[in-house]
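This is final_38.pdb. It holds PDB, C-alpha atoms.
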```pdb
ATOM      1  CA  MET J 515     176.095 133.776 125.100  1.00  0.00           C
ATOM      2  CA  ASP J 516     176.636 137.087 123.465  1.00  0.00           C
ATOM      3  CA  GLU J 517     178.353 136.107 120.224  1.00  0.00           C
ATOM      4  CA  ASP J 518     177.728 139.522 118.655  1.00  0.00           C
ATOM      5  CA  SER J 519     180.200 141.218 120.976  1.00  0.00           C
ATOM      6  CA  ALA J 520     182.893 138.525 120.908  1.00  0.00           C
ATOM      7  CA  ASP J 521     185.469 137.843 118.222  1.00  0.00           C
ATOM      8  CA  VAL J 522     185.293 134.576 116.333  1.00  0.00           C
ATOM      9  CA  VAL J 523     188.613 133.049 115.272  1.00  0.00           C
ATOM     10  CA  TYR J 524     188.604 130.279 112.662  1.00  0.00           C
ATOM     11  CA  ASP J 525     191.629 129.092 110.704  1.00  0.00           C
ATOM     12  CA  GLU J 526     192.213 126.349 108.163  1.00  0.00           C
ATOM     13  CA  VAL J 527     194.114 124.440 110.845  1.00  0.00           C
ATOM     14  CA  PRO J 528     191.798 123.588 113.741  1.00  0.00           C
ATOM     15  CA  ARG J 529     192.630 125.800 116.720  1.00  0.00           C
ATOM     16  CA  VAL J 530     191.000 123.373 119.131  1.00  0.00           C
ATOM     17  CA  GLU J 531     190.497 119.628 118.994  1.00  0.00           C
ATOM     18  CA  VAL J 532     189.515 116.919 121.453  1.00  0.00           C
ATOM     19  CA  THR J 533     191.092 113.568 122.222  1.00  0.00           C
ATOM     20  CA  ALA J 534     189.042 110.371 122.098  1.00  0.00           C
ATOM     21  CA  ALA J 535     188.948 110.319 125.918  1.00  0.00           C
ATOM     22  CA  ALA J 536     187.656 113.900 126.054  1.00  0.00           C
ATOM     23  CA  ALA J 537     185.047 113.137 123.376  1.00  0.00           C
ATOM     24  CA  GLY J 538     183.800 110.169 125.414  1.00  0.00           C
ATOM     25  CA  LEU J 539     183.453 112.324 128.511  1.00  0.00           C
ATOM     26  CA  LEU J 540     181.686 115.043 126.534  1.00  0.00           C
ATOM     27  CA  ARG J 541     179.137 112.481 125.288  1.00  0.00           C
ATOM     28  CA  ARG J 542     178.411 111.414 128.888  1.00  0.00           C
ATOM     29  CA  LEU J 543     178.171 114.998 130.108  1.00  0.00           C
ATOM     30  CA  ARG J 544     175.874 115.904 127.203  1.00  0.00           C
ATOM     31  CA  GLU J 545     173.493 113.085 128.194  1.00  0.00           C
ATOM     32  CA  MET J 546     173.357 114.411 131.756  1.00  0.00           C
ATOM     33  CA  HIS J 547     173.409 118.183 131.223  1.00  0.00           C
ATOM     34  CA  GLY J 548     172.301 118.987 127.668  1.00  0.00           C
ATOM     35  CA  PRO J 549     174.292 121.184 125.248  1.00  0.00           C
ATOM     36  CA  LEU J 550     177.801 122.090 126.433  1.00  0.00           C
ATOM     37  CA  MET J 551     180.413 124.821 126.158  1.00  0.00           C
ATOM     38  CA  PHE J 552     184.017 125.356 127.289  1.00  0.00           C
ATOM     39  CA  HIS J 553     185.597 128.503 128.609  1.00  0.00           C
ATOM     40  CA  GLN J 554     189.344 128.927 129.167  1.00  0.00           C
ATOM     41  CA  SER J 555     189.986 131.936 131.365  1.00  0.00           C
ATOM     42  CA  GLY J 556     193.722 131.837 131.876  1.00  0.00           C
ATOM     43  CA  GLY J 557     193.491 132.556 135.581  1.00  0.00           C
ATOM     44  CA  CYS J 558     195.665 130.889 138.167  1.00  0.00           C
ATOM     45  CA  CYS J 559     195.312 127.316 139.391  1.00  0.00           C
ATOM     46  CA  ASP J 560     192.105 125.736 138.051  1.00  0.00           C
ATOM     47  CA  GLY J 561     191.404 128.926 136.111  1.00  0.00           C
ATOM     48  CA  SER J 562     194.056 127.834 133.621  1.00  0.00           C
ATOM     49  CA  ALA J 563     192.114 124.633 132.881  1.00  0.00           C
ATOM     50  CA  PRO J 564     189.217 124.554 130.424  1.00  0.00           C
ATOM     51  CA  MET J 565     185.912 124.716 132.270  1.00  0.00           C
ATOM     52  CA  CYS J 566     182.953 122.817 130.863  1.00  0.00           C
ATOM     53  CA  TYR J 567     179.492 124.271 131.465  1.00  0.00           C
ATOM     54  CA  PRO J 568     175.972 123.784 130.186  1.00  0.00           C
ATOM     55  CA  ALA J 569     175.783 125.928 127.021  1.00  0.00           C
ATOM     56  CA  GLY J 570     174.989 129.523 127.894  1.00  0.00           C
ATOM     57  CA  GLU J 571     175.605 129.134 131.629  1.00  0.00           C
ATOM     58  CA  PHE J 572     178.874 131.060 131.423  1.00  0.00           C
ATOM     59  CA  ARG J 573     178.193 134.534 130.024  1.00  0.00           C
ATOM     60  CA  THR J 574     180.591 135.495 127.251  1.00  0.00           C
ATOM     61  CA  GLY J 575     181.119 138.916 125.769  1.00  0.00           C
ATOM     62  CA  GLY J 576     183.645 141.356 124.396  1.00  0.00           C
ATOM     63  CA  SER J 577     186.431 140.075 126.622  1.00  0.00           C
ATOM     64  CA  ASP J 578     186.105 136.566 125.114  1.00  0.00           C
ATOM     65  CA  VAL J 579     187.073 134.951 121.810  1.00  0.00           C
ATOM     66  CA  LEU J 580     185.175 132.042 120.237  1.00  0.00           C
ATOM     67  CA  LEU J 581     187.948 129.725 119.040  1.00  0.00           C
ATOM     68  CA  ALA J 582     185.925 126.739 117.869  1.00  0.00           C
ATOM     69  CA  GLU J 583     182.611 125.034 117.511  1.00  0.00           C
ATOM     70  CA  LEU J 584     183.709 121.465 118.146  1.00  0.00           C
ATOM     71  CA  ASP J 585     181.933 118.651 116.336  1.00  0.00           C
ATOM     72  CA  VAL J 586     182.012 115.687 118.720  1.00  0.00           C
ATOM     73  CA  ALA J 587     180.678 112.362 117.437  1.00  0.00           C
ATOM     74  CA  GLY J 588     177.574 111.440 119.405  1.00  0.00           C
ATOM     75  CA  VAL J 589     176.888 115.018 120.534  1.00  0.00           C
ATOM     76  CA  GLU J 590     173.981 116.599 118.688  1.00  0.00           C
ATOM     77  CA  GLU J 591     175.227 120.176 118.526  1.00  0.00           C
ATOM     78  CA  PRO J 592     178.685 121.754 118.408  1.00  0.00           C
ATOM     79  CA  VAL J 593     180.467 122.310 121.715  1.00  0.00           C
ATOM     80  CA  THR J 594     181.691 125.907 121.690  1.00  0.00           C
ATOM     81  CA  PHE J 595     185.170 126.688 122.991  1.00  0.00           C
ATOM     82  CA  TRP J 596     185.701 130.208 124.317  1.00  0.00           C
ATOM     83  CA  MET J 597     188.859 131.815 125.659  1.00  0.00           C
ATOM     84  CA  SER J 598     189.393 135.107 127.428  1.00  0.00           C
ATOM     85  CA  ARG J 599     190.896 137.657 125.040  1.00  0.00           C
ATOM     86  CA  SER J 600     193.940 138.204 127.288  1.00  0.00           C
ATOM     87  CA  GLN J 601     194.654 134.462 127.349  1.00  0.00           C
ATOM     88  CA  TYR J 602     194.175 134.223 123.576  1.00  0.00           C
ATOM     89  CA  GLU J 603     196.813 136.919 123.046  1.00  0.00           C
ATOM     90  CA  VAL J 604     199.318 134.682 124.853  1.00  0.00           C
ATOM     91  CA  TRP J 605     198.194 131.408 123.209  1.00  0.00           C
ATOM     92  CA  SER J 606     197.361 132.703 119.705  1.00  0.00           C
ATOM     93  CA  HIS J 607     200.132 130.598 118.113  1.00  0.00           C
ATOM     94  CA  THR J 608     199.064 127.302 119.616  1.00  0.00           C
ATOM     95  CA  ARG J 609     196.713 124.481 118.738  1.00  0.00           C
ATOM     96  CA  LEU J 610     194.791 123.454 121.833  1.00  0.00           C
ATOM     97  CA  ILE J 611     194.034 119.803 122.443  1.00  0.00           C
ATOM     98  CA  VAL J 612     191.360 119.144 125.059  1.00  0.00           C
ATOM     99  CA  ASP J 613     192.208 115.968 126.947  1.00  0.00           C
ATOM    100  CA  VAL J 614     190.994 114.354 130.151  1.00  0.00           C
ATOM    101  CA  VAL J 615     193.018 112.885 133.026  1.00  0.00           C
ATOM    102  CA  GLU J 616     192.208 111.307 136.363  1.00  0.00           C
ATOM    103  CA  GLY J 617     191.944 113.610 139.354  1.00  0.00           C
ATOM    104  CA  ARG J 618     189.613 116.315 140.521  1.00  0.00           C
ATOM    105  CA  GLY J 619     189.728 119.731 138.959  1.00  0.00           C
ATOM    106  CA  SER J 620     187.530 122.691 139.703  1.00  0.00           C
ATOM    107  CA  GLY J 621     184.184 122.164 141.371  1.00  0.00           C
ATOM    108  CA  PHE J 622     182.631 124.535 138.806  1.00  0.00           C
ATOM    109  CA  SER J 623     183.358 122.379 135.755  1.00  0.00           C
ATOM    110  CA  LEU J 624     180.808 119.670 134.932  1.00  0.00           C
ATOM    111  CA  GLU J 625     183.319 116.810 134.993  1.00  0.00           C
ATOM    112  CA  ALA J 626     184.390 117.420 138.621  1.00  0.00           C
ATOM    113  CA  PRO J 627     182.060 114.778 140.161  1.00  0.00           C
ATOM    114  CA  GLU J 628     183.354 112.186 137.668  1.00  0.00           C
ATOM    115  CA  GLY J 629     186.808 111.999 139.312  1.00  0.00           C
ATOM    116  CA  VAL J 630     188.490 113.340 136.157  1.00  0.00           C
ATOM    117  CA  ARG J 631     189.342 116.742 134.783  1.00  0.00           C
ATOM    118  CA  PHE J 632     189.766 118.348 131.420  1.00  0.00           C
ATOM    119  CA  LEU J 633     193.176 119.795 130.626  1.00  0.00           C
ATOM    120  CA  ILE J 634     194.804 121.480 127.669  1.00  0.00           C
ATOM    121  CA  ARG J 635     197.735 120.122 125.783  1.00  0.00           C
ATOM    122  CA  SER J 636     199.175 122.512 123.228  1.00  0.00           C
ATOM    123  CA  LEU J 637     201.240 122.534 120.067  1.00  0.00           C
ATOM    124  CA  VAL J 638     202.874 125.601 118.564  1.00  0.00           C
ATOM    125  CA  VAL J 639     201.542 126.300 115.057  1.00  0.00           C
ATOM    126  CA  GLY J 640     202.911 128.512 112.323  1.00  0.00           C
ATOM    127  CA  ALA J 641     206.444 128.542 113.719  1.00  0.00           C
TER     128      ALA J 641
END
```
Output the file's structure in the form of structure tokens.
Amino acid sequence: MDEDSADVVYDEVPRVEVTAAAAGLLRRLREMHGPLMFHQSGGCCDGSAPMCYPAGEFRTGGSDVLLAELDVAGVEEPVTFWMSRSQYEVWSHTRLIVDVVEGRGSGFSLEAPEGVRFLIRSLVVGA
């Protein structure tokens, strides 16, 4: 990850949080794959879902924003949550809630073989 060239956005109100179901899946994925990260690209289809990767596997840079370093109980290190800058401009007034549902998502995200997929639920903040 290239955190020096990416913006970091932290507010008093958490920009990103995880549900209990998502936290449970993250604990399992951490055991299998080591430290984790999310990236939300904002592309079409599965590109609009948060993708979970081994930390550092997805290269971030100036076109990405670090929204959160998620503390997940049972996971040793924070799980970073990145978003493409163009997507952040559209979603800048929302709180993102990472959840998990049954069904296959993208084959690139670590949860794909588990028969579930991460998804984002959102709430408008500051309105």
State, in Å with one decimal place, the distance from atom CA of Met597 of chain J to atom CA of Thr574 of chain J.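 These atoms are spaced 9.2 Å apart.
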Which one is closest to Ala537 of chain J: J:Val604, J:Met551, J:Val612, J:Leu581? Count all atoms listed in the file.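 Looking only at the distances to Ala537 of chain J, the closest residue turns out to be J:Val612.
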Would you work out the distance separating atom CA of Glu545 of chain J from atom CA of Pro564 of chain J, expressed in Å to one decimal?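 Those two atoms sit 19.6 Å apart.
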Going by the chain IDs and residue numbers used in this file, which residues fall under the PyMOL selection byres ((chain J and resi 594) around 6)? Write them as number ranges by chain. J: 551, 582-583, 593, 595
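Atom CA of Ala626 of chain J to atom CA of Val589 of chain J spans 19.7 Å [interatomic distance, one decimal].
Candidate residues J:Val639, J:Cys566, J:Ala587, J:Leu633 were compared for distance to Asp613 of chain J, and the nearest is J:Leu633, using all atoms listed in the file.
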Closest of J:Arg529, J:His607, J:Arg541, J:Arg573 to Glu625 of chain J, counting only C-alpha atoms, is J:Arg541
Can you list, as a list of chain:residue names, every protein, DNA or RNA residue that comes within 7 Å of Trp596 of chain J when you count only C-alpha atoms, leaving out same-chain residues fewer than 2 positions away? J:Phe552, J:His553, J:Gln554, J:Asp578, J:Val579, J:Leu580, J:Leu581, J:Thr594, J:Ser598
Mind telling me what the PyMOL selection byres ((chain J and resi 611) around 8) catches here, as a list in words?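 This file, filtered by the PyMOL selection byres ((chain J and resi 611) around 8), leaves Val530, Glu531, Val532, Thr533, Arg609, Leu610, Val612, Asp613, Ile634, Arg635 and Ser636 of chain J.
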Shortest contact to Leu543 of chain J, candidates J:Val615, J:Leu624, J:Met565, J:Val586, atoms counted all atoms listed in the file, goes to J:Leu624
Just checking: using only C-alpha atoms, which residue out of J:Asp585, J:Glu591, J:Glu603, J:Glu616 ends up closest to Ala535 of chain J?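 The answer is J:Glu616, which sits nearest to Ala535 of chain J.
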Decode the PyMOL selection byres ((chain J and resi 570) around 9) for the given file into explicit residues and return them as a ChimeraX atom specification. /J:515-516,549-551,567-569,571-574
Taking all atoms listed in the file into account, which of J:His547, J:Arg599, J:Arg618, J:Arg542 comes nearest Ser577 of chain J?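 Among J:His547, J:Arg599, J:Arg618, J:Arg542, it is J:Arg599 that comes nearest to Ser577 of chain J.
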With all atoms of segment 564-574 of chain J from the file as input, state the centre and edge lengths in Å to one decimal of the axis-aligned box that has 4 Å extra on each side, as JSON.
```
{"center_x": 182.1, "center_y": 129.2, "center_z": 129.6, "size_x": 22.2, "size_y": 20.7, "size_z": 13.2}
```
Please rebuild segment 564-575 of chain J with all heavy atoms and return the result as a PDB file, in the coordinates of the input.
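Listing of part.pdb after writing:
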```
ATOM      1  N   PRO J 564     190.486 124.266 131.093  1.00  0.00           N
ATOM      2  CA  PRO J 564     189.217 124.554 130.424  1.00  0.00           C
ATOM      3  C   PRO J 564     188.057 124.131 131.313  1.00  0.00           C
ATOM      4  O   PRO J 564     188.061 123.045 131.882  1.00  0.00           O
ATOM      5  CB  PRO J 564     189.291 123.699 129.159  1.00  0.00           C
ATOM      6  CG  PRO J 564     190.182 122.566 129.526  1.00  0.00           C
ATOM      7  CD  PRO J 564     191.181 123.126 130.498  1.00  0.00           C
ATOM      8  N   MET J 565     187.099 125.008 131.462  1.00  0.00           N
ATOM      9  CA  MET J 565     185.912 124.716 132.270  1.00  0.00           C
ATOM     10  C   MET J 565     184.766 124.355 131.337  1.00  0.00           C
ATOM     11  O   MET J 565     184.522 125.061 130.357  1.00  0.00           O
ATOM     12  CB  MET J 565     185.519 125.927 133.115  1.00  0.00           C
ATOM     13  CG  MET J 565     186.579 126.366 134.074  1.00  0.00           C
ATOM     14  SD  MET J 565     186.778 125.142 135.370  1.00  0.00           S
ATOM     15  CE  MET J 565     188.243 125.748 136.133  1.00  0.00           C
ATOM     16  N   CYS J 566     184.078 123.278 131.660  1.00  0.00           N
ATOM     17  CA  CYS J 566     182.953 122.817 130.863  1.00  0.00           C
ATOM     18  C   CYS J 566     181.658 123.164 131.599  1.00  0.00           C
ATOM     19  O   CYS J 566     181.518 122.856 132.785  1.00  0.00           O
ATOM     20  CB  CYS J 566     183.062 121.307 130.640  1.00  0.00           C
ATOM     21  SG  CYS J 566     181.792 120.635 129.566  1.00  0.00           S
ATOM     22  N   TYR J 567     180.758 123.823 130.884  1.00  0.00           N
ATOM     23  CA  TYR J 567     179.492 124.271 131.465  1.00  0.00           C
ATOM     24  C   TYR J 567     178.341 123.865 130.549  1.00  0.00           C
ATOM     25  O   TYR J 567     178.543 123.651 129.352  1.00  0.00           O
ATOM     26  CB  TYR J 567     179.456 125.802 131.564  1.00  0.00           C
ATOM     27  CG  TYR J 567     180.547 126.429 132.375  1.00  0.00           C
ATOM     28  CD1 TYR J 567     181.651 127.007 131.769  1.00  0.00           C
ATOM     29  CD2 TYR J 567     180.460 126.464 133.760  1.00  0.00           C
ATOM     30  CE1 TYR J 567     182.652 127.606 132.516  1.00  0.00           C
ATOM     31  CE2 TYR J 567     181.458 127.070 134.517  1.00  0.00           C
ATOM     32  CZ  TYR J 567     182.546 127.630 133.890  1.00  0.00           C
ATOM     33  OH  TYR J 567     183.529 128.225 134.625  1.00  0.00           O
ATOM     34  N   PRO J 568     177.116 123.867 131.085  1.00  0.00           N
ATOM     35  CA  PRO J 568     175.972 123.784 130.186  1.00  0.00           C
ATOM     36  C   PRO J 568     176.023 125.012 129.262  1.00  0.00           C
ATOM     37  O   PRO J 568     176.375 126.110 129.703  1.00  0.00           O
ATOM     38  CB  PRO J 568     174.754 123.859 131.113  1.00  0.00           C
ATOM     39  CG  PRO J 568     175.264 123.344 132.432  1.00  0.00           C
ATOM     40  CD  PRO J 568     176.700 123.842 132.506  1.00  0.00           C
ATOM     41  N   ALA J 569     175.714 124.826 127.995  1.00  0.00           N
ATOM     42  CA  ALA J 569     175.783 125.928 127.021  1.00  0.00           C
ATOM     43  C   ALA J 569     174.995 127.124 127.526  1.00  0.00           C
ATOM     44  O   ALA J 569     173.859 126.990 127.980  1.00  0.00           O
ATOM     45  CB  ALA J 569     175.261 125.469 125.676  1.00  0.00           C
ATOM     46  N   GLY J 570     175.630 128.293 127.480  1.00  0.00           N
ATOM     47  CA  GLY J 570     174.989 129.523 127.894  1.00  0.00           C
ATOM     48  C   GLY J 570     175.071 129.826 129.379  1.00  0.00           C
ATOM     49  O   GLY J 570     174.743 130.929 129.798  1.00  0.00           O
ATOM     50  N   GLU J 571     175.531 128.876 130.190  1.00  0.00           N
ATOM     51  CA  GLU J 571     175.605 129.134 131.629  1.00  0.00           C
ATOM     52  C   GLU J 571     176.702 130.136 131.966  1.00  0.00           C
ATOM     53  O   GLU J 571     176.574 130.923 132.886  1.00  0.00           O
ATOM     54  CB  GLU J 571     175.835 127.836 132.407  1.00  0.00           C
ATOM     55  CG  GLU J 571     175.832 128.066 133.911  1.00  0.00           C
ATOM     56  CD  GLU J 571     175.931 126.788 134.698  1.00  0.00           C
ATOM     57  OE1 GLU J 571     175.021 125.946 134.584  1.00  0.00           O
ATOM     58  OE2 GLU J 571     176.929 126.622 135.423  1.00  0.00           O
ATOM     59  N   PHE J 572     177.799 130.094 131.233  1.00  0.00           N
ATOM     60  CA  PHE J 572     178.874 131.060 131.423  1.00  0.00           C
ATOM     61  C   PHE J 572     178.654 132.182 130.417  1.00  0.00           C
ATOM     62  O   PHE J 572     178.631 131.947 129.213  1.00  0.00           O
ATOM     63  CB  PHE J 572     180.238 130.403 131.200  1.00  0.00           C
ATOM     64  CG  PHE J 572     181.393 131.297 131.531  1.00  0.00           C
ATOM     65  CD1 PHE J 572     181.964 131.261 132.789  1.00  0.00           C
ATOM     66  CD2 PHE J 572     181.907 132.179 130.588  1.00  0.00           C
ATOM     67  CE1 PHE J 572     183.036 132.091 133.111  1.00  0.00           C
ATOM     68  CE2 PHE J 572     182.968 133.011 130.896  1.00  0.00           C
ATOM     69  CZ  PHE J 572     183.529 132.968 132.152  1.00  0.00           C
ATOM     70  N   ARG J 573     178.466 133.387 130.904  1.00  0.00           N
ATOM     71  CA  ARG J 573     178.193 134.534 130.024  1.00  0.00           C
ATOM     72  C   ARG J 573     179.476 134.976 129.330  1.00  0.00           C
ATOM     73  O   ARG J 573     180.474 135.247 129.997  1.00  0.00           O
ATOM     74  CB  ARG J 573     177.612 135.695 130.826  1.00  0.00           C
ATOM     75  CG  ARG J 573     176.308 135.387 131.517  1.00  0.00           C
ATOM     76  CD  ARG J 573     175.134 135.322 130.610  1.00  0.00           C
ATOM     77  NE  ARG J 573     174.939 136.612 129.988  1.00  0.00           N
ATOM     78  CZ  ARG J 573     174.138 136.804 128.959  1.00  0.00           C
ATOM     79  NH1 ARG J 573     173.472 135.819 128.446  1.00  0.00           N
ATOM     80  NH2 ARG J 573     173.999 138.003 128.440  1.00  0.00           N
ATOM     81  N   THR J 574     179.446 135.027 128.014  1.00  0.00           N
ATOM     82  CA  THR J 574     180.591 135.495 127.251  1.00  0.00           C
ATOM     83  C   THR J 574     180.274 136.872 126.682  1.00  0.00           C
ATOM     84  O   THR J 574     179.114 137.260 126.577  1.00  0.00           O
ATOM     85  CB  THR J 574     180.926 134.520 126.105  1.00  0.00           C
ATOM     86  OG1 THR J 574     179.790 134.395 125.266  1.00  0.00           O
ATOM     87  CG2 THR J 574     181.331 133.158 126.643  1.00  0.00           C
ATOM     88  N   GLY J 575     181.325 137.585 126.324  1.00  0.00           N
ATOM     89  CA  GLY J 575     181.119 138.916 125.769  1.00  0.00           C
ATOM     90  C   GLY J 575     182.370 139.423 125.090  1.00  0.00           C
ATOM     91  O   GLY J 575     183.189 138.647 124.603  1.00  0.00           O
TER      92      GLY J 575
END
```
